[in-house]
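Asks: Pasting entry20.cif below, which is mmCIF, C-alpha atoms.
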```cif
data_structure
loop_
_atom_site.label_atom_id
_atom_site.label_comp_id
_atom_site.auth_asym_id
_atom_site.auth_seq_id
_atom_site.Cartn_x
_atom_site.Cartn_y
_atom_site.Cartn_z
CA MET A 1 -134.96 -71.51 91.59
CA ASN A 2 -133.89 -68.11 92.85
CA LEU A 3 -130.29 -67.25 93.72
CA SER A 4 -130.84 -67.78 97.45
CA ASP A 5 -132.16 -71.29 96.88
CA ALA A 6 -129.35 -72.07 94.43
CA LYS A 7 -126.79 -71.01 97.03
CA GLN A 8 -128.45 -73.26 99.59
CA VAL A 9 -128.12 -76.21 97.23
CA ALA A 10 -124.49 -75.25 96.55
CA ARG A 11 -123.70 -75.18 100.26
CA GLY A 12 -125.24 -78.61 100.68
CA LEU A 13 -123.35 -80.13 97.76
CA LEU A 14 -120.05 -78.76 99.05
CA ALA A 15 -120.73 -79.75 102.66
CA ILE A 16 -121.32 -83.43 101.90
CA GLY A 17 -118.53 -83.70 99.32
CA ALA A 18 -120.88 -84.27 96.39
CA VAL A 19 -118.87 -81.57 94.62
CA PHE A 20 -115.12 -81.26 95.05
CA LEU A 21 -113.18 -78.26 93.78
CA ARG A 22 -109.47 -79.03 93.48
CA PRO A 23 -107.74 -76.69 91.01
CA ASP A 24 -104.25 -77.50 92.31
CA GLN A 25 -104.76 -81.30 92.11
CA PRO A 26 -107.00 -81.82 89.07
CA PHE A 27 -109.18 -84.85 88.56
CA THR A 28 -108.90 -86.85 85.33
CA TRP A 29 -112.11 -87.54 83.46
CA ALA A 30 -112.63 -90.74 81.47
CA SER A 31 -111.91 -88.72 78.32
CA GLY A 32 -108.48 -87.82 79.70
CA ILE A 33 -109.42 -84.19 80.28
CA LYS A 34 -108.03 -82.66 83.46
CA SER A 35 -110.73 -81.05 85.57
CA PRO A 36 -110.65 -78.87 88.70
CA ILE A 37 -114.08 -80.19 89.69
CA TYR A 38 -115.60 -83.55 90.49
CA CYS A 39 -119.32 -84.03 91.00
CA ASP A 40 -121.15 -87.07 92.42
CA ASN A 41 -124.73 -86.13 93.17
CA ARG A 42 -125.54 -89.72 94.12
CA LEU A 43 -124.19 -88.80 97.54
CA THR A 44 -127.17 -86.51 98.08
CA LEU A 45 -129.36 -89.58 98.47
CA SER A 46 -127.44 -90.54 101.62
CA HIS A 47 -128.06 -87.18 103.33
CA PRO A 48 -131.74 -86.79 104.20
CA PRO A 49 -131.78 -83.00 104.85
CA LEU A 50 -130.11 -82.20 101.52
CA ARG A 51 -132.12 -84.89 99.76
CA THR A 52 -135.32 -83.31 101.07
CA LEU A 53 -134.21 -79.88 99.88
CA ILE A 54 -133.30 -81.13 96.41
CA GLU A 55 -136.37 -83.26 95.79
CA GLY A 56 -138.66 -80.50 97.04
CA ALA A 57 -136.90 -78.04 94.75
CA ILE A 58 -137.24 -80.35 91.73
CA ALA A 59 -140.94 -80.72 92.45
CA ALA A 60 -141.31 -76.94 92.84
CA VAL A 61 -139.61 -76.30 89.47
CA VAL A 62 -141.94 -78.77 87.77
CA ARG A 63 -144.98 -77.15 89.37
CA GLU A 64 -143.88 -73.68 88.29
CA ALA A 65 -142.32 -74.29 84.88
CA TYR A 66 -144.26 -77.34 83.72
CA PRO A 67 -147.67 -77.42 85.44
CA GLN A 68 -149.03 -79.47 82.53
CA ALA A 69 -146.57 -82.35 83.16
CA GLN A 70 -148.14 -85.80 83.21
CA ALA A 71 -145.06 -87.82 84.19
CA LEU A 72 -141.41 -87.54 85.22
CA MET A 73 -138.74 -89.55 83.45
CA GLY A 74 -135.35 -90.12 85.06
CA THR A 75 -132.07 -90.58 83.25
CA SER A 76 -130.20 -93.81 83.86
CA THR A 77 -128.92 -94.28 86.43
CA ALA A 78 -128.35 -91.22 88.58
CA GLY A 79 -131.56 -89.42 87.65
CA ILE A 80 -133.82 -92.35 88.55
CA PRO A 81 -134.12 -91.90 92.34
CA HIS A 82 -134.56 -88.14 92.05
CA ALA A 83 -137.31 -88.58 89.48
CA ALA A 84 -138.98 -91.17 91.71
CA ILE A 85 -138.99 -89.02 94.84
CA ALA A 86 -140.06 -85.85 93.05
CA ALA A 87 -142.82 -87.74 91.22
CA HIS A 88 -144.04 -89.04 94.58
CA LEU A 89 -144.23 -85.49 95.91
CA LEU A 90 -146.09 -84.38 92.80
CA GLU A 91 -148.31 -87.48 92.72
CA LEU A 92 -147.30 -88.12 89.12
CA PRO A 93 -146.34 -91.28 87.23
CA MET A 94 -142.63 -91.93 86.94
CA GLY A 95 -140.39 -93.95 84.66
CA TYR A 96 -136.86 -93.92 83.39
CA VAL A 97 -134.85 -94.30 80.22
CA ARG A 98 -132.06 -96.85 79.99
CA SER A 99 -128.76 -95.98 78.33
CA GLY A 100 -129.61 -98.68 75.80
CA SER A 101 -132.35 -101.22 75.13
CA LYS A 102 -132.33 -104.44 77.16
CA ASP A 103 -130.97 -107.47 75.34
CA HIS A 104 -133.67 -109.75 76.74
CA GLY A 105 -137.36 -109.84 77.57
CA ARG A 106 -139.28 -107.06 75.81
CA HIS A 107 -136.05 -105.20 74.93
CA ASN A 108 -137.33 -102.08 76.64
CA ARG A 109 -135.35 -98.90 76.74
CA ILE A 110 -138.06 -96.90 78.47
CA GLU A 111 -139.24 -98.41 81.75
CA GLY A 112 -142.53 -97.54 83.39
CA ARG A 113 -145.78 -96.47 81.83
CA LEU A 114 -145.55 -93.97 78.99
CA GLU A 115 -148.58 -93.29 76.85
CA PRO A 116 -148.18 -91.69 73.41
CA GLY A 117 -148.71 -87.95 73.69
CA TRP A 118 -147.94 -87.75 77.39
CA ARG A 119 -146.27 -84.50 78.45
CA VAL A 120 -143.13 -85.44 80.39
CA VAL A 121 -140.26 -83.75 82.20
CA VAL A 122 -136.81 -85.34 82.26
CA VAL A 123 -134.96 -85.40 85.59
CA GLU A 124 -131.14 -85.47 85.47
CA ASP A 125 -128.60 -85.21 88.27
CA LEU A 126 -125.72 -83.54 86.40
CA ILE A 127 -125.34 -81.87 83.03
CA SER A 128 -121.83 -81.49 81.65
CA THR A 129 -121.89 -81.71 77.85
CA ALA A 130 -125.61 -82.76 77.79
CA GLY A 131 -124.97 -85.67 75.45
CA SER A 132 -126.74 -88.28 77.58
CA VAL A 133 -129.76 -86.16 78.44
CA VAL A 134 -130.30 -85.20 74.79
CA GLU A 135 -130.27 -88.92 73.92
CA VAL A 136 -132.94 -89.49 76.58
CA VAL A 137 -135.06 -86.70 75.12
CA ALA A 138 -134.74 -88.27 71.66
CA ALA A 139 -135.74 -91.70 72.96
CA LEU A 140 -138.83 -90.29 74.68
CA ARG A 141 -139.85 -88.36 71.60
CA GLY A 142 -139.35 -91.48 69.54
CA ALA A 143 -141.82 -93.23 71.83
CA GLY A 144 -144.40 -90.51 71.23
CA ALA A 145 -143.89 -88.39 74.34
CA GLN A 146 -143.97 -84.61 74.39
CA VAL A 147 -140.84 -83.58 76.29
CA LEU A 148 -141.59 -80.31 78.06
CA GLY A 149 -138.07 -79.80 79.39
CA VAL A 150 -135.35 -80.96 81.76
CA VAL A 151 -134.80 -80.37 85.47
CA SER A 152 -131.30 -81.09 86.78
CA ILE A 153 -129.57 -80.73 90.12
CA PHE A 154 -126.36 -79.18 88.82
CA THR A 155 -124.92 -77.94 85.55
CA TYR A 156 -121.44 -76.83 84.59
CA GLY A 157 -122.92 -74.49 81.99
CA MET A 158 -120.58 -75.63 79.22
CA GLN A 159 -121.01 -74.19 75.75
CA LYS A 160 -121.31 -77.68 74.27
CA ALA A 161 -124.26 -78.40 76.55
CA ARG A 162 -126.00 -75.16 75.65
CA GLU A 163 -125.57 -75.92 71.96
CA ARG A 164 -126.86 -79.47 72.25
CA LEU A 165 -129.90 -78.47 74.29
CA GLU A 166 -130.72 -75.68 71.87
CA GLN A 167 -130.38 -78.01 68.88
CA ALA A 168 -132.68 -80.49 70.60
CA GLY A 169 -135.19 -77.74 71.31
CA VAL A 170 -135.27 -78.41 75.03
CA VAL A 171 -134.76 -76.12 78.04
CA ASN A 172 -132.89 -77.19 81.17
CA HIS A 173 -133.70 -75.79 84.61
CA SER A 174 -130.86 -76.51 87.06
CA LEU A 175 -131.16 -76.09 90.81
CA CYS A 176 -127.55 -74.89 90.93
CA ASP A 177 -124.83 -73.95 88.43
CA LEU A 178 -121.07 -73.64 88.47
CA ASP A 179 -121.02 -69.85 88.71
CA THR A 180 -123.10 -69.95 91.90
CA LEU A 181 -121.14 -72.85 93.32
CA VAL A 182 -117.69 -71.28 92.96
CA GLN A 183 -118.88 -68.06 94.58
CA VAL A 184 -120.24 -69.99 97.56
CA ALA A 185 -117.10 -72.14 97.67
CA GLN A 186 -114.87 -69.07 97.86
CA GLN A 187 -117.03 -67.42 100.53
CA GLU A 188 -116.93 -70.53 102.68
CA GLY A 189 -113.22 -71.23 102.27
CA TYR A 190 -113.24 -74.21 99.92
CA ILE A 191 -111.21 -72.36 97.28
CA ARG A 192 -109.29 -69.09 96.94
CA GLN A 193 -110.64 -66.05 95.17
CA SER A 194 -108.00 -66.53 92.47
CA ASP A 195 -109.26 -70.08 91.84
CA ILE A 196 -112.66 -68.87 90.62
CA ALA A 197 -111.25 -67.64 87.31
CA ARG A 198 -109.33 -70.90 86.86
CA VAL A 199 -112.42 -73.06 87.37
CA LEU A 200 -114.53 -70.92 85.05
CA ALA A 201 -111.76 -70.95 82.42
CA PHE A 202 -111.92 -74.75 82.46
CA ARG A 203 -115.69 -74.62 82.07
CA ASP A 204 -115.43 -72.24 79.12
CA ASN A 205 -112.87 -74.40 77.28
CA PRO A 206 -112.19 -77.85 78.81
CA GLN A 207 -109.71 -78.68 76.04
CA ASP A 208 -107.44 -75.79 77.01
CA GLN A 209 -105.52 -76.85 80.10
CA SER A 210 -103.65 -73.58 80.59
CA TRP A 211 -105.87 -72.89 83.62
CA MET A 212 -103.74 -75.43 85.52
CA THR A 213 -100.56 -73.36 85.32
CA HIS A 214 -101.71 -69.81 85.68
CA THR A 215 -104.61 -67.63 86.71
CA PRO A 216 -106.40 -66.21 83.64
CA THR A 217 -106.57 -62.45 83.36
#
```
What's the C-alpha cells form of this structure?
Replies:
Amino acid sequence: MNLSDAKQVARGLLAIGAVFLRPDQPFTWASGIKSPIYCDNRLTLSHPPLRTLIEGAIAAVVREAYPQAQALMGTSTAGIPHAAIAAHLLELPMGYVRSGSKDHGRHNRIEGRLEPGWRVVVVEDLISTAGSVVEVVAALRGAGAQVLGVVSIFTYGMQKARERLEQAGVVNHSLCDLDTLVQVAQQEGYIRQSDIARVLAFRDNPQDQSWMTHTPT
C-alpha cells in the first residue's frame, strides 16, 4: 500500500465510523486503559464501496508481497470475512483459526483445509498489541503451515505489537496505520491539530494517561 491508498482507506474508516477519535471523551478498553480511539472494522462489511476497496487492497498486498501464498487464514472472528472475500478474489483456499479448540466434534482449532507445508498468509482486521495474531501464527505453525506474513486493515503501531511480531518472526502489512489516520482526521475536521500529539502519545505509551490532561510537547 502506498500513502495515497492508505489515506483512502483512512477516509473510508472515518466516514463510516469504523474508527472514532475522541481525545476529550476517552473510551475505556476492557483492560481499563483509557483510549482516545475506538476501532470496529466489522462495520466495513456493511459498506460495499469501502468493503470493495479493502478486500481488493488485501488481495493486492498478497499478490505483491506473498505471490507464493497457497491459502489465506483469517483470525477469529473479525478477520474471517475479510480472508474469505480476499481469497475469493485471489482464487485461493481459505480457512480460519479459532481463539481456542472446539470442545466437541473433532476439537478443531483450525477450520478449513490446511495441508502440512502450505504457505499461508494470515488476515487480521486490527492489530493493537498483536497478542491474538501471534497466537494464530503459532497455531498455524504448530499444524505444519509456513506462515509467510500477516495482512491487516489497520494497526495502531504500538511498540508491544512490533516487539511481539519481531519475536514471532513475522511481518505485518497494514492497509492503514494510526499516523496516517490522524493526519487525515485533522485535515478533514475530525480532530484538532493539537489532538494529533495526544493520540500518538497514547499509542507510544498506553499506560501513561497524561495525554488526557495536556498536549505533549
Asks: Which residues would end up in the selection if the PyMOL selection byres ((chain A and resi 124) around 7) were applied here, given that I need the answer as a PDB file with C-alpha atoms, in the frame of the given file?
Replies:
```pdb
ATOM      1  CA  GLY A  74    -135.350 -90.120  85.060  1.00  0.00           C
ATOM      2  CA  THR A  75    -132.070 -90.580  83.250  1.00  0.00           C
ATOM      3  CA  GLY A  79    -131.560 -89.420  87.650  1.00  0.00           C
ATOM      4  CA  VAL A 122    -136.810 -85.340  82.260  1.00  0.00           C
ATOM      5  CA  VAL A 123    -134.960 -85.400  85.590  1.00  0.00           C
ATOM      6  CA  ASP A 125    -128.600 -85.210  88.270  1.00  0.00           C
ATOM      7  CA  LEU A 126    -125.720 -83.540  86.400  1.00  0.00           C
ATOM      8  CA  VAL A 151    -134.800 -80.370  85.470  1.00  0.00           C
ATOM      9  CA  SER A 152    -131.300 -81.090  86.780  1.00  0.00           C
ATOM     10  CA  ILE A 153    -129.570 -80.730  90.120  1.00  0.00           C
TER      11      ILE A 153
END
```
Asks: Rounded to one decimal, what separation in Å do you get between CA of Gly144 (chain A) and CA of Ile54 (chain A)?
Replies: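 It comes out at 29.1 Å.
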Asks: Report the distance between CA of Ala130 (chain A) and CA of Ser35 (chain A) in Å, rounded to one decimal place.
Replies: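 Computed distance, CA of Ala130 (chain A) to CA of Ser35 (chain A), equals 16.9 Å.
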Asks: Translate the PyMOL selection byres ((chain A and resi 68) around 12) into a concrete residue list for this structure, as a list in words.
Replies: Val62, Arg63, Glu64, Ala65, Tyr66, Pro67, Ala69, Gln70, Ala71, Leu72, Leu90, Leu92, Trp118, Arg119, Val120, Val121, Gln146, Val147, Leu148 and Gly149 of chain A
Asks: So which one's closest to Ala83 (chain A), A:Val150, A:Val199, A:Val137, A:Leu43? Using all atoms listed in the file, please.
Replies: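 With all atoms listed in the file as the atom set, the closest residue is A:Val150.
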Asks: Generate N, CA and C atoms for region 161-190 of chain A and emit them as a PDB file, in the frame of the given file.
Replies:
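File part-v8.pdb, as written:
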```
ATOM      1  N   ALA A 161    -122.943 -78.031  76.026  1.00  0.00           N
ATOM      2  CA  ALA A 161    -124.260 -78.400  76.550  1.00  0.00           C
ATOM      3  C   ALA A 161    -125.327 -77.430  76.072  1.00  0.00           C
ATOM      4  N   ARG A 162    -125.022 -76.150  76.107  1.00  0.00           N
ATOM      5  CA  ARG A 162    -126.000 -75.160  75.650  1.00  0.00           C
ATOM      6  C   ARG A 162    -126.355 -75.385  74.177  1.00  0.00           C
ATOM      7  N   GLU A 163    -125.341 -75.685  73.383  1.00  0.00           N
ATOM      8  CA  GLU A 163    -125.570 -75.920  71.960  1.00  0.00           C
ATOM      9  C   GLU A 163    -126.427 -77.159  71.729  1.00  0.00           C
ATOM     10  N   ARG A 164    -126.106 -78.231  72.429  1.00  0.00           N
ATOM     11  CA  ARG A 164    -126.860 -79.470  72.250  1.00  0.00           C
ATOM     12  C   ARG A 164    -128.316 -79.323  72.685  1.00  0.00           C
ATOM     13  N   LEU A 165    -128.535 -78.674  73.810  1.00  0.00           N
ATOM     14  CA  LEU A 165    -129.900 -78.470  74.290  1.00  0.00           C
ATOM     15  C   LEU A 165    -130.695 -77.596  73.322  1.00  0.00           C
ATOM     16  N   GLU A 166    -130.041 -76.567  72.819  1.00  0.00           N
ATOM     17  CA  GLU A 166    -130.720 -75.680  71.870  1.00  0.00           C
ATOM     18  C   GLU A 166    -131.072 -76.430  70.593  1.00  0.00           C
ATOM     19  N   GLN A 167    -130.130 -77.236  70.087  1.00  0.00           N
ATOM     20  CA  GLN A 167    -130.380 -78.010  68.880  1.00  0.00           C
ATOM     21  C   GLN A 167    -131.517 -79.004  69.070  1.00  0.00           C
ATOM     22  N   ALA A 168    -131.618 -79.533  70.294  1.00  0.00           N
ATOM     23  CA  ALA A 168    -132.680 -80.490  70.600  1.00  0.00           C
ATOM     24  C   ALA A 168    -134.002 -79.801  70.901  1.00  0.00           C
ATOM     25  N   GLY A 169    -133.973 -78.475  71.020  1.00  0.00           N
ATOM     26  CA  GLY A 169    -135.190 -77.740  71.310  1.00  0.00           C
ATOM     27  C   GLY A 169    -135.736 -78.007  72.691  1.00  0.00           C
ATOM     28  N   VAL A 170    -134.842 -78.116  73.662  1.00  0.00           N
ATOM     29  CA  VAL A 170    -135.270 -78.410  75.030  1.00  0.00           C
ATOM     30  C   VAL A 170    -134.567 -77.460  76.000  1.00  0.00           C
ATOM     31  N   VAL A 171    -135.290 -77.047  77.037  1.00  0.00           N
ATOM     32  CA  VAL A 171    -134.760 -76.120  78.040  1.00  0.00           C
ATOM     33  C   VAL A 171    -134.444 -76.884  79.320  1.00  0.00           C
ATOM     34  N   ASN A 172    -133.291 -76.586  79.900  1.00  0.00           N
ATOM     35  CA  ASN A 172    -132.890 -77.190  81.170  1.00  0.00           C
ATOM     36  C   ASN A 172    -133.018 -76.166  82.295  1.00  0.00           C
ATOM     37  N   HIS A 173    -133.647 -76.585  83.392  1.00  0.00           N
ATOM     38  CA  HIS A 173    -133.700 -75.790  84.610  1.00  0.00           C
ATOM     39  C   HIS A 173    -132.846 -76.503  85.661  1.00  0.00           C
ATOM     40  N   SER A 174    -131.725 -75.906  86.053  1.00  0.00           N
ATOM     41  CA  SER A 174    -130.860 -76.510  87.060  1.00  0.00           C
ATOM     42  C   SER A 174    -131.072 -75.835  88.415  1.00  0.00           C
ATOM     43  N   LEU A 175    -131.026 -76.641  89.463  1.00  0.00           N
ATOM     44  CA  LEU A 175    -131.160 -76.090  90.810  1.00  0.00           C
ATOM     45  C   LEU A 175    -129.948 -75.254  91.178  1.00  0.00           C
ATOM     46  N   CYS A 176    -128.785 -75.606  90.622  1.00  0.00           N
ATOM     47  CA  CYS A 176    -127.550 -74.890  90.930  1.00  0.00           C
ATOM     48  C   CYS A 176    -126.630 -74.969  89.720  1.00  0.00           C
ATOM     49  N   ASP A 177    -125.793 -73.935  89.532  1.00  0.00           N
ATOM     50  CA  ASP A 177    -124.830 -73.950  88.430  1.00  0.00           C
ATOM     51  C   ASP A 177    -123.435 -73.640  88.945  1.00  0.00           C
ATOM     52  N   LEU A 178    -122.464 -73.777  88.062  1.00  0.00           N
ATOM     53  CA  LEU A 178    -121.070 -73.640  88.470  1.00  0.00           C
ATOM     54  C   LEU A 178    -120.747 -72.228  88.946  1.00  0.00           C
ATOM     55  N   ASP A 179    -121.310 -71.222  88.297  1.00  0.00           N
ATOM     56  CA  ASP A 179    -121.020 -69.850  88.710  1.00  0.00           C
ATOM     57  C   ASP A 179    -121.437 -69.611  90.160  1.00  0.00           C
ATOM     58  N   THR A 180    -122.619 -70.100  90.523  1.00  0.00           N
ATOM     59  CA  THR A 180    -123.100 -69.950  91.900  1.00  0.00           C
ATOM     60  C   THR A 180    -122.227 -70.757  92.849  1.00  0.00           C
ATOM     61  N   LEU A 181    -121.887 -71.971  92.437  1.00  0.00           N
ATOM     62  CA  LEU A 181    -121.140 -72.850  93.320  1.00  0.00           C
ATOM     63  C   LEU A 181    -119.772 -72.304  93.660  1.00  0.00           C
ATOM     64  N   VAL A 182    -119.039 -71.766  92.662  1.00  0.00           N
ATOM     65  CA  VAL A 182    -117.690 -71.280  92.960  1.00  0.00           C
ATOM     66  C   VAL A 182    -117.727 -70.044  93.848  1.00  0.00           C
ATOM     67  N   GLN A 183    -118.754 -69.225  93.692  1.00  0.00           N
ATOM     68  CA  GLN A 183    -118.880 -68.060  94.580  1.00  0.00           C
ATOM     69  C   GLN A 183    -119.098 -68.500  96.018  1.00  0.00           C
ATOM     70  N   VAL A 184    -119.987 -69.466  96.219  1.00  0.00           N
ATOM     71  CA  VAL A 184    -120.240 -69.990  97.560  1.00  0.00           C
ATOM     72  C   VAL A 184    -118.985 -70.684  98.100  1.00  0.00           C
ATOM     73  N   ALA A 185    -118.303 -71.439  97.248  1.00  0.00           N
ATOM     74  CA  ALA A 185    -117.100 -72.140  97.670  1.00  0.00           C
ATOM     75  C   ALA A 185    -116.016 -71.179  98.146  1.00  0.00           C
ATOM     76  N   GLN A 186    -115.862 -70.070  97.446  1.00  0.00           N
ATOM     77  CA  GLN A 186    -114.870 -69.070  97.860  1.00  0.00           C
ATOM     78  C   GLN A 186    -115.273 -68.422  99.182  1.00  0.00           C
ATOM     79  N   GLN A 187    -116.547 -68.070  99.310  1.00  0.00           N
ATOM     80  CA  GLN A 187    -117.030 -67.420 100.530  1.00  0.00           C
ATOM     81  C   GLN A 187    -116.871 -68.305 101.754  1.00  0.00           C
ATOM     82  N   GLU A 188    -116.970 -69.610 101.548  1.00  0.00           N
ATOM     83  CA  GLU A 188    -116.930 -70.530 102.680  1.00  0.00           C
ATOM     84  C   GLU A 188    -115.580 -71.233 102.830  1.00  0.00           C
ATOM     85  N   GLY A 189    -114.582 -70.780 102.059  1.00  0.00           N
ATOM     86  CA  GLY A 189    -113.220 -71.230 102.270  1.00  0.00           C
ATOM     87  C   GLY A 189    -112.816 -72.525 101.596  1.00  0.00           C
ATOM     88  N   TYR A 190    -113.610 -72.994 100.637  1.00  0.00           N
ATOM     89  CA  TYR A 190    -113.240 -74.210  99.920  1.00  0.00           C
ATOM     90  C   TYR A 190    -112.169 -73.942  98.869  1.00  0.00           C
TER      91      TYR A 190
END
```
